[in-house]
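Participant: Take a look at the following structure, please.
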Amino acid sequence: MTVQELPGAAAYRPTPPPAWKPLTDPAPLLPDPEPYRVLGTDAVADADPGLLLRLYAELVRGRRYNAQATALTKQGRLAVYPSSTGQEACEIAAALVLEERDWLFPSYRDTLAAVARGLDPVEALTLLRGDRHTGYDPRAHRIAPLCTPLATQLPHAVGLAHAARLKGDDVVALAMVGDGGTSEGDFHEALNFAAVWQAPVVFLVQNNGFAISVPLAKQTAAPSLAHKAVGYGMPGRLVDGNDAAAVHQVLSEAVERARSGGGPTLVEAVTYRMDAHTNADDATRYRGDSEVDLWRDHDPVLLLERELTGRGLLDDAGKEEARGAAEAMAAQLRERMNADPVLDPMALFTHVYEEQTAQLREQAVRLREELDAENDQHGTDGGAER
Amino acid sequence: MTTAAATAGRRTAKAKPATMAQALGRALRDSMAEDPAVHVLGEDVGTLGGVFRITDGLAKEFGDERCTDTPLAEAGILGAAVGMAMYGLRPVVEMQFDAFAYPAFEQLASHVAKMRNRTGGAMPLPITVRIPYGGGIGGVEHHSDSSEAYYMATPGLHVVTPATVEDAYGLLRASIASDDPVVFLEPKRLYWSKADWSPQHPTAVEPIGRAVVRRPGRSATLITYGPSLPVCMEAAQAAVEEGWDLEVVDLRSLVPFDDETVTASVRRTGRAVVVHESTGFGGPGGEIAARITERCFHHLEAPVLRVAGFDIPYPPPMQERHHLPGVDRVLDAVARLQWEADN
């Protein structure tokens, strides 16, 4: 850039800004150009066989859970189910890297992560069944409510992790979001807050290729979603999201960094949504079979199974055992979900405020009268409504 | 007129002149001193003490971890406060100006207002969102909005707005102590109103949800809140000369709404005017007028009238006096209440 000289005036020599220097060296924050992998690489030699077998059992169970929940939508037992088939490695690793005292902040697609963390599968499905918004006590399980607005749970994770650190607790929050969610303002604000506060948070972006129908290329112009971390001053890590061992390792390192005071990390797991966005979506309108088939060969269960059988850690009996456990879980889930939930319409007014307002008390009386009239009409005994 | 001085109730021997801004600051300080879970966060609340100096001295007294300057991002501020409340803190958030709170509206509507309900009571969020609101200070665009109707229409939130120095202290203390989220609307043109006031006053902490009769009267009821209270008190004074004895009800809390006080007053007087500076169409006055009509129809001598701001975007400062309902507009409405006699 040249400095313009005004005719007749003394030469103008602007000085540089007085004190500009980069706040952070961006080099160590940048993600590797290729997603990190463990399975089928030299890195797998360091992997703990016990962990790999545990991941395998959980993946098989998770796959079966997704299939069962999808079937329940067809039977009308669930209002909707956003399947995470194909993304089980991310879901399971997210759940397994956390200690009991840590917190998970799932998005609406992350039912499986909540279940893998130990949440009752039926409690995890109440939002999607439609009987209650959140079927569990978030504090008891340290799992925030499944979140349907995009990315709004990310600042919550930051605030919680910050509060925990202020109280002297070594608690880590792991917040999950999809590739579409990275375009939301709350994603930006959460990452910025986390980095400025050096909050013990790990952000896991499951880049599954689509925000409903919109592909990643129309979502971002960044080299990768992990690159976004650098602008906030936190490390970005890119990982093969179908490689359960790799996701587990990268998340474990990020959680460890957060716990030891090293601040937040943004992890992008490159994966693929094998099913449609939900049962209400028609994926054939925006993607072809050939693309889906490519990902079938890179299936997370398949990748791990190959590794384990190749190393002699898994035989047919082992596979059968994992499948049997998954079937048992599915059968139990089916049975429990086929029972009609007992609903209490009067509970609609119970938890709006700590104490009901006069207006809500009046409205509760009106509903009670309507219910009593309905019961009289149908000749029922006026017990709990179904 | 110094409304608060005119309307404040009992005084104590120790009382001395204080502004509403000072009372709010004192409420924050006392809440923080009493409960280590109380944290203040927002843009400029630390070193600067807030652009209105409400948080002045808090960072110095309690440290910048309890009174925190945040990045400039309202959704992030309120979203972080949600997480802090989930972990047992009691965040008090400052939104610098009314219209600056809009980026945080999703957090407010989708999470703050709903968390207790969606978790079946398992996870209430004790968050206080302080929002300086309303016009009359010569602010440029986006610095004078009256946004109370948005918050009123969001179940799960308490919406509170003091009009006196004493209530500013008492209601803010109650809001911070509440286990429910509270949108605490501060009428910024009353920040510098003064009253003889002492925080040691025995009635200092005012429960949320109770309206108060600021001036008893028999001819008609003016129902108002926040920045319009001084206007109504002045109008009531002026109406005396016209032979009208006006009762003035200060709502103090828009949610929950005190039907009892309002209904009792209007049944006594038979005439009602709702006065506020936010827009009339879809504004708080429509709801209040409807409630009065439903409850007091057979007691009414005239239709319930509304005196509100015009249905326009908040005007530029050199024009705002035409928009804000003043004493004359209130008195005109009172004149129209002689409806039955004229028809």
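Note on naming: chains are A, B, ... as they come in the structure tokens, residues start from 1 per chain, ligands start from 1 in the order shown.
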Can you list every residue in stretch 22-254 of chain B that DSSP puts in strand (DSSP E), as a ChimeraX atom specification?

Facilitator: /B:38-42,67-69,90-94,128-133,158-160,182-187,194-197,212-215,220-224,246-250,253-254

Participant: Find the residues in chain A near chain B: any atom within 9 Å counts, using only C-alpha atoms. Write them as a PyMOL selection string.

Facilitator: chain A and resi 132-139+144-145+149+152-164+166+185-186+188-190+192-193+196-197+347-354+357-359

Participant: Within 10 Å of B:Phe62, counting only C-alpha atoms, which residues qualify if same-chain residues fewer than 3 places away don't, as a PyMOL selection string?

Facilitator: chain B and resi 29+32-33+36+39-40+57-59+65-67

Participant: Pull N, CA, C and O atoms from the residues just selected and write them as a short mmCIF file (atom, residue, chain, number, x, y, z; two decimals), in the first residue's frame.

Facilitator:
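out13.cif, freshly written:
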```cif
data_model
loop_
_atom_site.label_atom_id
_atom_site.label_comp_id
_atom_site.auth_asym_id
_atom_site.auth_seq_id
_atom_site.Cartn_x
_atom_site.Cartn_y
_atom_site.Cartn_z
N ARG B 29 -25.76 -4.64 45.77
CA ARG B 29 -24.68 -4.80 46.76
C ARG B 29 -25.16 -5.64 47.94
O ARG B 29 -24.48 -6.58 48.37
N MET B 32 -25.58 -9.27 46.97
CA MET B 32 -24.29 -9.95 46.81
C MET B 32 -23.64 -10.22 48.16
O MET B 32 -23.02 -11.26 48.37
N ALA B 33 -23.78 -9.26 49.07
CA ALA B 33 -23.17 -9.43 50.39
C ALA B 33 -23.86 -10.56 51.16
O ALA B 33 -23.22 -11.31 51.89
N PRO B 36 -23.45 -15.44 48.54
CA PRO B 36 -22.29 -15.56 47.63
C PRO B 36 -22.66 -16.14 46.27
O PRO B 36 -21.84 -16.09 45.35
N HIS B 39 -24.23 -13.35 41.35
CA HIS B 39 -23.19 -12.86 40.45
C HIS B 39 -23.80 -11.86 39.49
O HIS B 39 -24.88 -12.09 38.97
N VAL B 40 -23.08 -10.77 39.23
CA VAL B 40 -23.54 -9.76 38.28
C VAL B 40 -22.71 -9.89 37.02
O VAL B 40 -21.48 -10.03 37.10
N GLY B 57 -18.84 0.16 41.76
CA GLY B 57 -18.20 -0.29 43.01
C GLY B 57 -18.33 -1.78 43.30
O GLY B 57 -17.66 -2.29 44.19
N LEU B 58 -19.19 -2.47 42.57
CA LEU B 58 -19.41 -3.89 42.89
C LEU B 58 -18.17 -4.74 42.58
O LEU B 58 -17.82 -5.63 43.36
N ALA B 59 -17.53 -4.46 41.43
CA ALA B 59 -16.35 -5.25 41.08
C ALA B 59 -15.24 -5.01 42.11
O ALA B 59 -14.51 -5.93 42.47
N GLU B 65 -14.78 -11.65 39.54
CA GLU B 65 -15.46 -12.92 39.29
C GLU B 65 -16.92 -12.88 39.73
O GLU B 65 -17.72 -13.70 39.30
N ARG B 66 -17.25 -11.93 40.60
CA ARG B 66 -18.66 -11.79 41.04
C ARG B 66 -19.36 -10.68 40.27
O ARG B 66 -20.60 -10.64 40.21
N CYS B 67 -18.60 -9.74 39.75
CA CYS B 67 -19.18 -8.68 38.93
C CYS B 67 -18.34 -8.60 37.66
O CYS B 67 -17.27 -7.99 37.64
#
```

Participant: Mind giving me the straight-line distance from atom CA of A:Gly181 to atom CA of A:Ala226 in Å, one decimal?

Facilitator: 13.3 Å

Participant: Kindly indicate which residue among A:Ala211, A:Val301, A:Val255, A:Met346 lies nearest to A:Asp372, using only C-alpha atoms for the distances.

Facilitator: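 Closest to A:Asp372 of all the choices is A:Met346.
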
Participant: Which parts of stretch 5-142 of chain B does DSSP call alpha helix (DSSP H) when run on the backbone here, written out as a ChimeraX atom specification?

Facilitator: /B:5-7,20-34,58-62,74-86,105-106,115-118

Participant: I'd like the contact shell of A:Ala57 - 7 Å cut-off, only C-alpha atoms, skipping same-chain residues fewer than 4 positions apart - returned as a PyMOL selection string.

Facilitator: chain A and resi 53+61+322

Participant: State, in Å with one decimal place, the distance from atom CA of A:Ala140 to atom CA of A:Val171.

Facilitator: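 Pair atom CA of A:Ala140 / atom CA of A:Val171 returns 14.6 Å.
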
Participant: In Å, rounded to a single decimal, give me how far atom CA of A:Gly241 is from atom CA of A:Ile212.

Facilitator: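 We find that atom CA of A:Ile212 and atom CA of A:Gly241 lie 18.6 Å from each other.
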
Participant: What's the 12 Å shell around A:Leu294, counting only C-alpha atoms, without same-chain residues fewer than 4 positions away, as JSON, numbers by chain?

Facilitator: {"A": [271, 272, 274, 288, 289, 290, 298, 299]}

Participant: With only C-alpha atoms as the basis for distance, which of B:Lys194, B:His276, B:Arg252, B:Arg218 is at the shortest distance from B:Ala264?

Facilitator: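 Looking only at the distances to B:Ala264, the closest residue turns out to be B:Arg218.
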